Structure formats: C-alpha cells, structure tokens
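Here's the structure we're looking at; comments come further down.
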Amino acid sequence: MNDRVLGVIGSIPGNLVNKDTVVLTEKFVEGMKMYSYYWQGPVKVILSAGADTSGNLDNRHYIISDLPFDIALINLNNLEDIKENISNVDILQGGSMHLLNGLAKYCRQQKIIYIHCSEYSLKTRWQIVKATVPNPIIRLRRYFWEWNQERKNKIEVKFAAGAQCNGTPVYEQYKNINSNAMVYFDNRITEDMLADSKTLRPVPEQFNRERPIRLAFSGRLNKMKGADALIRIADILQQRQLPFEFHIFGDGDLEKQMRKNILRLGLEKNVTLHGVLDFTDELIPTLKENIDLFVCCHVQGDPSCTYLETFACAIPIIGYLNEAFDGLLNKHKLGWGVPIGDDIALSDQIELIISAPSLLILPRMTALQFATENTFHKVDEQRIKHMRETQLSN
C-alpha cells in the first residue's frame, strides 16, 4: 500500500447536492477510480465548487462515502484555497487552467512533486476560437489572451517535475521544455469494447447499391467538430451517384439546420441523423456491426476521444488533417487525411475507396491494434507509472 497522497485538480466543476451527495461526470469518476486502483494509496480530488455543473450528458449523483477517493470542492479562483488544500499532498496533477498559473513553481518550493497535464496546443485553441467566436473584435482579444496564456503554460511546464500530454501536438510542443514529458491518448475504451473475431466483419469485395459503403460520424454537431461539412460531403457523393449511407450520431446546435439541408438536397435516403445513443450499449455495438469508414471533419486539433473510440471498432478514419489527426497518421496508417476544409479531396478519397474496398483492410487492422495498445486501463496505468517514476527520481 502506498502511503503517499496523490492530488488531482480537475477541470470540471462539482455540485454538492447535500453533505452526502455530489454531482460529477461519469467519465471523470471512472477515470479517478482507475487512478485510485493503480495508485494503491490515498487520492484527493480537488474541484471547483458551484451550483452549476458541467452540463455534460453523463452527469451523475454520487454518494461521497462510496467513492474510493476524497473530494474537496473549493474556490479555484483563490490561490490560497488551492495552497491550503494541497498542503497534505505529496504529488499533484494539475492542468493548463489560467487559475493554476504559478502553481508549478509554488509546488517546487514546497517540495510537492507537480505533474502538468495539457491537451490543447496554442494552434488548436486559436482554431477553436475561430470556429466559435463570430465577433471579430472579441475573436482578436481571445487570440491575444490565448497567446499570453501559452507563455504562462510554458513556464508551468518548465517548473513541473513532469508533463503528461494528451495527444501528439502538445507533446511535440512541450517535450523540449520538460525532459520528463510523456504522451498519452485519453479515451474510455475498455478491453471488452474492442472489436474481435465475432464482430470483425469482412471487407466487401465491392460496394454497390445493394451493399453501399456505410459512413459514420459521432460527436457534437457544431462547427468546432466540423459537423457543418458532413452534409456538404454527402451532397457531393450523391451528385456523383455513388453508393453510400451516412449515419450521423450526436446532438448540437447545428442539428436543425442539418435536417433542413438533408430535405433541401434530397438526401433523406442516404443520410440519417440518429441523435445521441448510449455510448457503451448502443453506439459502440452499432459502429462495430454496421460501419465501414468514419468521416471526421474536426477543424481543430483537440485530442478527441473519438479517434480511439473509432479505432477500437476496427474502423479507419478519413478526415481533416488537424494537428491531432495528422500526428496520428504520421505514426500509423489509420486512415486518410486531407487539408482542413477540402471537401472535394475528402470525397475523392471516399470515391476511391468505394471503387477499391480492399484499401480498408490494412487501416482497419492497424486501427484496432492501436486501440488495443491504448485502452482506458492501459493509458491510466501508464500515467500512474510515470508519476511513480517521477516521484522516485525527485
């Protein structure tokens, strides 16, 4: 049993319903359960307190005493509150939040081992601003704010005992600043979700009207995730009279407009909006059993769980070459990439695959192998191992 206390400052809020119950996201709780399992010692989770929760679909009520970790709900805007709550912590994990600026240096002074976690590069954050902030003056201010915050992020990485980077973009950015940096691929895929011999369907010898190629997208239907491109691509494929079905899973502010465009363009027979499916019991089985190729038009390089979740179903991805996807394709043949916004090139590649289905064979097996090596359990085990090794070397 490890008697060292591991502290984790989370980016999600926690809502204390009463003295016994808290509202947290299921994804976060499952991650902290894995941390507790692999750490084999006391874990203290520090979150921002508030009446408002994250608004995530997986918010759940939890009995605090049933959780295998301690929870402190504090005012993260107050650095003194943070300092007070980490006074009994031996090793601390924090992220690239502006509220934590200066924490790495403080931890070094207090001999607390600090691990800095990052997932968005400056380029990606600028792309998110561009996709989500329509007012040009406000957008310019946000660009400058993100640039200034990146300067501070680099100081945090420099003073940290180690850095954990979600995805290749931030790893490439920070590995030269902190020699103890590691890359990981966050996801919630467990071993039982992986495609296997029972669910791995053979690639058809040909795609035609009787057996069209089955395309899919899952995620938030907004501009940041490139959902506005999906119907444009479907329209191009229809104009070329190609045999395809396009299954779109998710919800978001673009859904109503997408439905209107489907009707306006006469795509009802080709494109289906399925809404939100339960991830484990509905979405993953549906992808494994029915989909040939995933279309991912993310206009920014966030290290989305979508990539690993898709690969776990032995499905290659064709998508925009944002930083995250480009980083994956540079290391593994997991699919095909085109310049961001080039829907013609993306449609050309789909047409080529329709004409030669065997092109799917190698990427789908590579995708499954990559997902097998980076399951939820394995990733958290790697991260805790990195923390232990950092602890021993300091």
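We label chains A, B, ... in the order they appear in the structure tokens, count residues from 1 in each chain, and number ligands from 1 in the order shown.
Within region 196-282 of chain A, the backbone-based DSSP assignment of strand (DSSP E or B) covers Ile213, Arg214, Leu215, Ala216, Phe217, Ser218, Phe244, Glu245, Phe246, His247, Ile248, Phe249, Val271, Thr272, Leu273, His274 and Gly275 of chain A.
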Quick one: which region 211-267 of chain A residues come within 10 Å of region 350-365 of chain A, and what is the nearest atom pair for each with the distance in Å to one decimal, counting only C-alpha atoms, rows ordered by chain and ascending number, as JSON lines?
```
{"residue": "A:Pro212", "atom": "CA", "partner": "A:Ile354", "partner_atom": "CA", "distance": 8.3}
{"residue": "A:Ile213", "atom": "CA", "partner": "A:Ile354", "partner_atom": "CA", "distance": 6.7}
{"residue": "A:Leu215", "atom": "CA", "partner": "A:Ile350", "partner_atom": "CA", "distance": 9.4}
{"residue": "A:Ile233", "atom": "CA", "partner": "A:Ile350", "partner_atom": "CA", "distance": 9.8}
{"residue": "A:Leu237", "atom": "CA", "partner": "A:Glu351", "partner_atom": "CA", "distance": 7.8}
{"residue": "A:Arg240", "atom": "CA", "partner": "A:Glu351", "partner_atom": "CA", "distance": 8.8}
{"residue": "A:Leu242", "atom": "CA", "partner": "A:Glu351", "partner_atom": "CA", "distance": 7.3}
{"residue": "A:Pro243", "atom": "CA", "partner": "A:Ile354", "partner_atom": "CA", "distance": 7.9}
{"residue": "A:Phe244", "atom": "CA", "partner": "A:Ile354", "partner_atom": "CA", "distance": 8.6}
```
* What lies within 7 Å of region 116-124 of chain A using only C-alpha atoms, ignoring chain neighbours under 3 positions off, as JSON, numbers by chain? -> {"A": [93, 94, 95, 96, 127, 128, 146, 147, 150, 157, 160, 162, 163, 164, 165, 166, 167, 169, 170, 300, 301, 302, 303]}
* To do: Could you tell me which of A:Arg188, A:Ala181, A:Pro42, A:Trp145 comes closest to Phe28 (chain A) if we count only C-alpha atoms?
  => A:Arg188
Can you list, as a PDB file with N, CA and C atoms, in the first residue's frame, every protein, DNA or RNA residue that comes within 9 Å of Tyr62 (chain A) when you count only C-alpha atoms, leaving out same-chain residues fewer than 3 positions away?
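Result file around_8.pdb:
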```pdb
ATOM      1  N   ASP A  20     -23.879  14.611   1.749  1.00  0.00           N
ATOM      2  CA  ASP A  20     -23.550  13.228   1.388  1.00  0.00           C
ATOM      3  C   ASP A  20     -23.435  12.977  -0.113  1.00  0.00           C
ATOM      4  N   THR A  21     -23.962  13.897  -0.943  1.00  0.00           N
ATOM      5  CA  THR A  21     -24.104  13.632  -2.376  1.00  0.00           C
ATOM      6  C   THR A  21     -23.490  14.736  -3.220  1.00  0.00           C
ATOM      7  N   VAL A  22     -22.805  14.321  -4.284  1.00  0.00           N
ATOM      8  CA  VAL A  22     -22.184  15.271  -5.203  1.00  0.00           C
ATOM      9  C   VAL A  22     -22.528  14.873  -6.636  1.00  0.00           C
ATOM     10  N   VAL A  23     -22.648  15.866  -7.514  1.00  0.00           N
ATOM     11  CA  VAL A  23     -22.876  15.613  -8.933  1.00  0.00           C
ATOM     12  C   VAL A  23     -21.553  15.766  -9.673  1.00  0.00           C
ATOM     13  N   LEU A  24     -21.149  14.697 -10.376  1.00  0.00           N
ATOM     14  CA  LEU A  24     -19.926  14.688 -11.165  1.00  0.00           C
ATOM     15  C   LEU A  24     -20.209  13.982 -12.487  1.00  0.00           C
ATOM     16  N   SER A  65     -19.258   9.009   0.267  1.00  0.00           N
ATOM     17  CA  SER A  65     -18.581   7.963   1.042  1.00  0.00           C
ATOM     18  C   SER A  65     -18.366   6.687   0.243  1.00  0.00           C
ATOM     19  N   ASP A  66     -19.071   6.529  -0.889  1.00  0.00           N
ATOM     20  CA  ASP A  66     -18.912   5.328  -1.714  1.00  0.00           C
ATOM     21  C   ASP A  66     -17.740   5.445  -2.689  1.00  0.00           C
ATOM     22  N   LEU A  67     -17.231   6.650  -2.883  1.00  0.00           N
ATOM     23  CA  LEU A  67     -16.154   6.851  -3.851  1.00  0.00           C
ATOM     24  C   LEU A  67     -14.805   6.472  -3.246  1.00  0.00           C
TER      25      LEU A  67
END
```
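If only C-alpha atoms are the atoms counted, then among A:Ile384, A:Ala72, A:Val17, A:Ile189 the closest residue to Phe279 (chain A) is A:Ile189.
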* **Using only C-alpha atoms: which of A:Val338, A:Ile71, A:Leu140, A:Ile248 has the shortest distance to Thr286 (chain A)** => A:Ile248
* Nearby residues (only C-alpha atoms) at most 6 Å from region 108-112 of chain A, same-chain spacing under 3 positions excluded, as a ChimeraX atom specification -> /A:90-91,105
* Extract, using only C-alpha atoms, all DNA, RNA and protein residues at most 12 Å from Arg201 (chain A), discarding same-chain residues fewer than 6 positions from it, and format them as a count of residues only. => 14
* Give me, please, the distance in Å between CA of Asn187 (chain A) and CA of Asn222 (chain A), quoted to one decimal. =>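 One can read the CA of Asn187 (chain A) to CA of Asn222 (chain A) distance as 20.8 Å.
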* To do: State, in Å with one decimal place, the distance from CA of Trp336 (chain A) to CA of Ala367 (chain A).
  => 11.8 Å
* Asked: Where in region 137-260 of chain A does DSSP assign alpha helix (DSSP H), given as a VMD selection string?
  -> chain A and resid 137 to 159 168 to 174 228 to 239 255 to 260
Output file for the selection above: C-alpha atoms, as a PDB file, in the first residue's frame:
```pdb
ATOM      1  CA  ILE A 137     -13.064  42.169 -32.166  1.00  0.00           C
ATOM      2  CA  ILE A 138     -13.821  39.661 -29.433  1.00  0.00           C
ATOM      3  CA  ARG A 139     -12.068  36.972 -31.504  1.00  0.00           C
ATOM      4  CA  LEU A 140      -8.918  39.102 -31.722  1.00  0.00           C
ATOM      5  CA  ARG A 141      -8.971  39.642 -27.956  1.00  0.00           C
ATOM      6  CA  ARG A 142      -9.331  35.919 -27.402  1.00  0.00           C
ATOM      7  CA  TYR A 143      -6.411  35.211 -29.748  1.00  0.00           C
ATOM      8  CA  PHE A 144      -4.217  37.530 -27.690  1.00  0.00           C
ATOM      9  CA  TRP A 145      -5.462  36.078 -24.388  1.00  0.00           C
ATOM     10  CA  GLU A 146      -4.632  32.537 -25.542  1.00  0.00           C
ATOM     11  CA  TRP A 147      -1.194  33.653 -26.759  1.00  0.00           C
ATOM     12  CA  ASN A 148      -0.452  35.228 -23.381  1.00  0.00           C
ATOM     13  CA  GLN A 149      -1.740  32.181 -21.528  1.00  0.00           C
ATOM     14  CA  GLU A 150       0.523  29.949 -23.617  1.00  0.00           C
ATOM     15  CA  ARG A 151       3.538  31.903 -22.357  1.00  0.00           C
ATOM     16  CA  LYS A 152       2.388  31.106 -18.824  1.00  0.00           C
ATOM     17  CA  ASN A 153       1.684  27.454 -19.703  1.00  0.00           C
ATOM     18  CA  LYS A 154       5.280  27.066 -20.833  1.00  0.00           C
ATOM     19  CA  ILE A 155       6.507  28.428 -17.502  1.00  0.00           C
ATOM     20  CA  GLU A 156       4.331  25.846 -15.717  1.00  0.00           C
ATOM     21  CA  VAL A 157       5.740  23.058 -17.883  1.00  0.00           C
ATOM     22  CA  LYS A 158       9.292  24.260 -17.215  1.00  0.00           C
ATOM     23  CA  PHE A 159       8.909  24.244 -13.414  1.00  0.00           C
ATOM     24  CA  THR A 168       0.932  14.422 -30.147  1.00  0.00           C
ATOM     25  CA  PRO A 169       0.525  18.200 -30.728  1.00  0.00           C
ATOM     26  CA  VAL A 170       1.169  19.293 -27.124  1.00  0.00           C
ATOM     27  CA  TYR A 171       3.783  16.562 -26.672  1.00  0.00           C
ATOM     28  CA  GLU A 172       5.783  17.869 -29.622  1.00  0.00           C
ATOM     29  CA  GLN A 173       5.363  21.374 -28.211  1.00  0.00           C
ATOM     30  CA  TYR A 174       6.480  20.618 -24.641  1.00  0.00           C
ATOM     31  CA  ASP A 228     -21.457  21.588 -40.978  1.00  0.00           C
ATOM     32  CA  ALA A 229     -19.205  19.811 -43.506  1.00  0.00           C
ATOM     33  CA  LEU A 230     -20.955  16.436 -43.236  1.00  0.00           C
ATOM     34  CA  ILE A 231     -23.990  17.327 -45.336  1.00  0.00           C
ATOM     35  CA  ARG A 232     -21.800  19.088 -47.905  1.00  0.00           C
ATOM     36  CA  ILE A 233     -19.792  15.896 -48.327  1.00  0.00           C
ATOM     37  CA  ALA A 234     -22.944  13.786 -48.574  1.00  0.00           C
ATOM     38  CA  ASP A 235     -24.228  16.125 -51.286  1.00  0.00           C
ATOM     39  CA  ILE A 236     -21.008  15.733 -53.302  1.00  0.00           C
ATOM     40  CA  LEU A 237     -21.218  11.931 -53.042  1.00  0.00           C
ATOM     41  CA  GLN A 238     -24.860  11.987 -54.120  1.00  0.00           C
ATOM     42  CA  GLN A 239     -24.125  14.227 -57.105  1.00  0.00           C
ATOM     43  CA  GLU A 255     -28.857  19.675 -35.871  1.00  0.00           C
ATOM     44  CA  LYS A 256     -31.921  21.646 -37.029  1.00  0.00           C
ATOM     45  CA  GLN A 257     -30.057  23.209 -39.938  1.00  0.00           C
ATOM     46  CA  MET A 258     -28.604  19.837 -40.908  1.00  0.00           C
ATOM     47  CA  ARG A 259     -32.084  18.319 -41.016  1.00  0.00           C
ATOM     48  CA  LYS A 260     -33.288  21.177 -43.223  1.00  0.00           C
TER      49      LYS A 260
END
```
* Near-Thr306 (chain A) list (8 Å; only C-alpha atoms; drop same-chain fewer than 3 positions) as a PyMOL selection string -> chain A and resi 218-219+309-310
Write the residues of the preceding selection, restricted to C-alpha atoms, as a compact mmCIF listing (two decimals), in the first residue's frame.
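Full text of out.txt as output:
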```txt
# COMPACT_ATOMS: atom_id res chain seq x y z
CA SER A 218 -20.38 10.69 -33.93
CA GLY A 219 -19.96 13.68 -31.67
CA GLU A 309 -13.25 5.03 -29.87
CA THR A 310 -13.49 4.64 -33.63
```
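Between CA of Asn15 (chain A) and CA of Lys44 (chain A) lies a distance of 16.5 Å.
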* Which residue gives the smallest distance to Thr199 (chain A) among A:Gly335, A:Gly50, A:Pro285, A:Gly10, with only C-alpha atoms counted? ->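 Distance minimum relative to Thr199 (chain A) lands on A:Pro285.
Of the residues listed (A:Thr390, A:Ile340, A:Val89, A:Lys223), A:Lys223 shows the shortest atom-to-atom separation from Pro134 (chain A); distances use only C-alpha atoms.
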